[in-house]
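**Q** Right, I'll just put the structure down here and ask away after.
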Amino acid sequence: SLDWTSYSDLPAIYEFVNEMAATYPNLVTVTSAGTSYEGNDMPLVKISTGGSGEKNVIFAEGGIHAREWIAPAYVTWMIRELVENYAAHPEYVDNIDWYIMPILNPDGYTYTFSPTGDRLWRKNRAPNQGICVGTDLNRNFDFQWNTGGSSSLECGETYHGGAPFSQVEARNVRDAILSVANRTKVYFSFHSYGQYWLTPWGYTSALPDDYQDLFDLAQSAVDKLTAVEGTPYKIGSSTNLLGLASGCSDDWAKGGAGIKYSYTVEMRDKGTFGFQLPANQILPNNLEVWEGVKVVAEAVMLM
Ligand code: 0X9
Ligand code: ZN
């Protein structure tokens with residue numbers, strides 16, 4: 001199993017999710033949401049006690065940006081917490097079906113682990129027309145695609161791709177979300193870094209009609225997160241806190257898939273280590289973020 005004292009490579013993540021399914025078959029089902037450009041699997045982990053098939057869903061994912069290693073490290077840890085620690089808080093799984101994708105950009109992630117790759121790679125690894133490789137998967141979603149805050153240059157770090165959903169990894173996530181969208185109350189996209197709990201929109205500085213609902217729940221979550229050891233998080237819309245960025249998964253989850261509570265969580269730190277967060281911060285990060293996620297889960301039980 002993983003121990004979250006170091007970062008795990010792609011094979012270790014696959015081994016972990018398969019081991020969870022084998023050890024806890026009554027709680028965990030692993031299916032494939034599809035494969036990446038390079039043919040790597042994109043696992044979809046369902047955590048559920050079964051029953052009616054009508055339960056509210058929380059959909060959570062991490063690793064859309066290759067270099068943000070803390071994202072898969074958090075999401076895999078949350079799988080473990082829900083499953084191995086089920087007895088400590090059965091209500092979260094008894095009342096909610098969790099659909100979790102721990103690694104949305106397996107090709108890019110592998111590249112960040114490779115001695116011949118690049119630790120700070122962000123995009124996927126599909127070639128473009130020219131010499132530059134990769135699309136920013138978090139600019140490739142079909143909601144207000146290419147309306148600002150993304151690059152039209154293939155070599156750009158935020159290249160939006162040749163068309164909305166041109167990238168197979170983005171299509172795979174889209175289809176996984178759509179398969180349960182009618183009962184999904186919350187979508188979480190885990191990223192780093194900066195310590196922000198972000199709401200839509202990213203394509204405009206205007207706020208969604210129900211912004212106050214999203215803000216209030218985020219505030220309750222961040223209160224508990226910060227209470228653990230004082231880590232400050234800012235709450236607000238992506239555009240207002242980070243600037244325009246269109247074609248992101250969170251805007252599509254809300255505006256395209258109709259999921260009301262769509263959050264992007266930018267975890268530790270604030271730039272001291274940035275994307276290269278030391279491994280001894282994985283567990284402290286995970287413990288505090290989990291406190292926030294639990295607040296959201298409590299709310300989902302009442303929705
Ligand atoms: O720019 C991004 O894709 C995210 N920040 S990161 O440093 N992890 O790359 C923020 C995305 C926020 N959501 C929207 N702008 N819609
Ligand atoms: Zn990111």
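By order of appearance in the structure tokens: chains A, B, ..., then residues from 1 within every chain, and ligands from 1 in the order shown.
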Applying 6 Å and only C-alpha atoms, which residues near range 187-201 of chain A remain after dropping the ones on its own chain fewer than 5 positions away? List them as a PyMOL selection string.
**A** chain A and resi 59-62+68+71+233-238+251+262-270+274
**Q** Please list as a list of chain:residue names every residue within 12 Å of Asp213 in chain A, counting only C-alpha atoms and excluding residues in the same chain fewer than 3 positions away.
**A**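 Non-adjacent residues within range: A:Thr199, A:Pro200, A:Leu207, A:Pro208, A:Asp209, A:Asp210, A:Asp216, A:Leu217, A:Ala218, A:Gln219, A:Ser220, A:Gly236, A:Lys260, A:Tyr261, A:Ser262, A:Val296, A:Ala299.
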**Q** Just to be explicit: take each residue in the selection above, keep N, CA and C atoms, and write the result as an mmCIF file, in the first residue's frame.
**A**
data_model
loop_
_atom_site.group_PDB
_atom_site.id
_atom_site.type_symbol
_atom_site.label_atom_id
_atom_site.label_comp_id
_atom_site.auth_asym_id
_atom_site.auth_seq_id
_atom_site.Cartn_x
_atom_site.Cartn_y
_atom_site.Cartn_z
ATOM 1 N N THR A 199 -14.218 28.962 -6.378
ATOM 2 C CA THR A 199 -15.516 28.692 -6.990
ATOM 3 C C THR A 199 -15.472 29.174 -8.441
ATOM 4 N N PRO A 200 -16.402 28.725 -9.282
ATOM 5 C CA PRO A 200 -16.573 29.388 -10.577
ATOM 6 C C PRO A 200 -16.989 30.861 -10.352
ATOM 7 N N LEU A 207 -20.103 36.714 -11.131
ATOM 8 C CA LEU A 207 -20.269 35.572 -10.232
ATOM 9 C C LEU A 207 -21.517 34.792 -10.599
ATOM 10 N N PRO A 208 -21.524 33.483 -10.325
ATOM 11 C CA PRO A 208 -22.760 32.709 -10.547
ATOM 12 C C PRO A 208 -23.896 33.247 -9.669
ATOM 13 N N ASP A 209 -25.139 33.034 -10.089
ATOM 14 C CA ASP A 209 -26.310 33.485 -9.327
ATOM 15 C C ASP A 209 -26.303 32.957 -7.898
ATOM 16 N N ASP A 210 -25.839 31.713 -7.764
ATOM 17 C CA ASP A 210 -25.867 31.064 -6.444
ATOM 18 C C ASP A 210 -24.509 31.144 -5.745
ATOM 19 N N ASP A 216 -20.571 30.261 1.094
ATOM 20 C CA ASP A 216 -20.861 29.918 2.493
ATOM 21 C C ASP A 216 -20.365 28.515 2.844
ATOM 22 N N LEU A 217 -20.598 27.555 1.945
ATOM 23 C CA LEU A 217 -20.130 26.191 2.226
ATOM 24 C C LEU A 217 -18.596 26.144 2.223
ATOM 25 N N ALA A 218 -17.983 26.871 1.309
ATOM 26 C CA ALA A 218 -16.513 26.932 1.277
ATOM 27 C C ALA A 218 -15.977 27.546 2.569
ATOM 28 N N GLN A 219 -16.654 28.570 3.057
ATOM 29 C CA GLN A 219 -16.208 29.222 4.296
ATOM 30 C C GLN A 219 -16.253 28.250 5.472
ATOM 31 N N SER A 220 -17.348 27.477 5.585
ATOM 32 C CA SER A 220 -17.448 26.488 6.671
ATOM 33 C C SER A 220 -16.337 25.453 6.546
ATOM 34 N N GLY A 236 -12.853 32.393 -2.926
ATOM 35 C CA GLY A 236 -13.437 33.333 -3.873
ATOM 36 C C GLY A 236 -13.521 32.708 -5.245
ATOM 37 N N LYS A 260 -23.989 21.987 -9.050
ATOM 38 C CA LYS A 260 -24.043 23.295 -8.375
ATOM 39 C C LYS A 260 -22.731 23.656 -7.673
ATOM 40 N N TYR A 261 -22.272 22.754 -6.810
ATOM 41 C CA TYR A 261 -21.086 23.062 -6.001
ATOM 42 C C TYR A 261 -19.837 22.531 -6.707
ATOM 43 N N SER A 262 -19.200 23.383 -7.459
ATOM 44 C CA SER A 262 -18.000 23.013 -8.200
ATOM 45 C C SER A 262 -16.831 23.793 -7.625
ATOM 46 N N VAL A 296 -18.063 19.534 3.725
ATOM 47 C CA VAL A 296 -18.841 19.479 2.484
ATOM 48 C C VAL A 296 -19.675 18.196 2.438
ATOM 49 N N ALA A 299 -22.738 18.459 4.475
ATOM 50 C CA ALA A 299 -23.759 19.250 3.783
ATOM 51 C C ALA A 299 -24.438 18.429 2.690
#
**Q** Name the residues in contact with Lys224 in chain A at a cut-off of 12 Å, using only C-alpha atoms, excluding same-chain residues fewer than 2 positions from it; report them as a list in words.
**A**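 Close residues of Lys224 in chain A: Leu217, Ala218, Gln219, Ser220, Ala221, Val222, Thr226, Ala227, Val228, Glu229, Gly230, Thr231, Pro232, Tyr233, Leu287, Glu288, Val289, Trp290, Glu291, Gly292, Val293, Lys294, Val295 and Val296 of chain A.
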**Q** Taking only C-alpha atoms into account, name the residue in A:Val30, A:Ala257, A:Met303, A:Cys248 that is nearest to Pro164 in chain A.
**A**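 Among the listed residues, the smallest separation from Pro164 in chain A belongs to A:Cys248.
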**Q** Within 6 Å of range 275-281 of chain A, counting only C-alpha atoms, which residues qualify if same-chain residues fewer than 3 places away don't, as a ChimeraX atom specification?
**A** /A:5-6,68,284-285
**Q** Include C-alpha atoms and write out the residues we just selected as a PDB file, in the first residue's frame.
**A**
ATOM      1  CA  THR A   5       5.611   9.635   3.351  1.00  0.00           C
ATOM      2  CA  SER A   6       6.833   9.929  -0.217  1.00  0.00           C
ATOM      3  CA  GLU A  68       1.105  19.059  -8.919  1.00  0.00           C
ATOM      4  CA  PRO A 284      -0.292  17.472   7.228  1.00  0.00           C
ATOM      5  CA  ASN A 285      -1.790  18.755   3.970  1.00  0.00           C
TER       6      ASN A 285
END
**Q** Determine which residues of range 36-202 of chain A DSSP labels as strand (DSSP E or B) from the backbone of this structure, then write them out as a PyMOL selection string.
**A** chain A and resi 41-47+56-62+96-101+127+133+151+159+184-192+196-199
**Q** Determine the nearest neighbour of Asp97 in chain A from the options A:Leu214, A:Val168, A:Val57, A:Ile13, counting only C-alpha atoms.
**A** A:Val57
**Q** Restricting the calculation to only C-alpha atoms and all ligand atoms: of A:Trp69, A:Phe215, A:Tyr99, A:Trp4, which residue gets closest to ligand 1?
**A**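 Among the listed residues, the smallest separation from ligand 1 belongs to A:Trp69.
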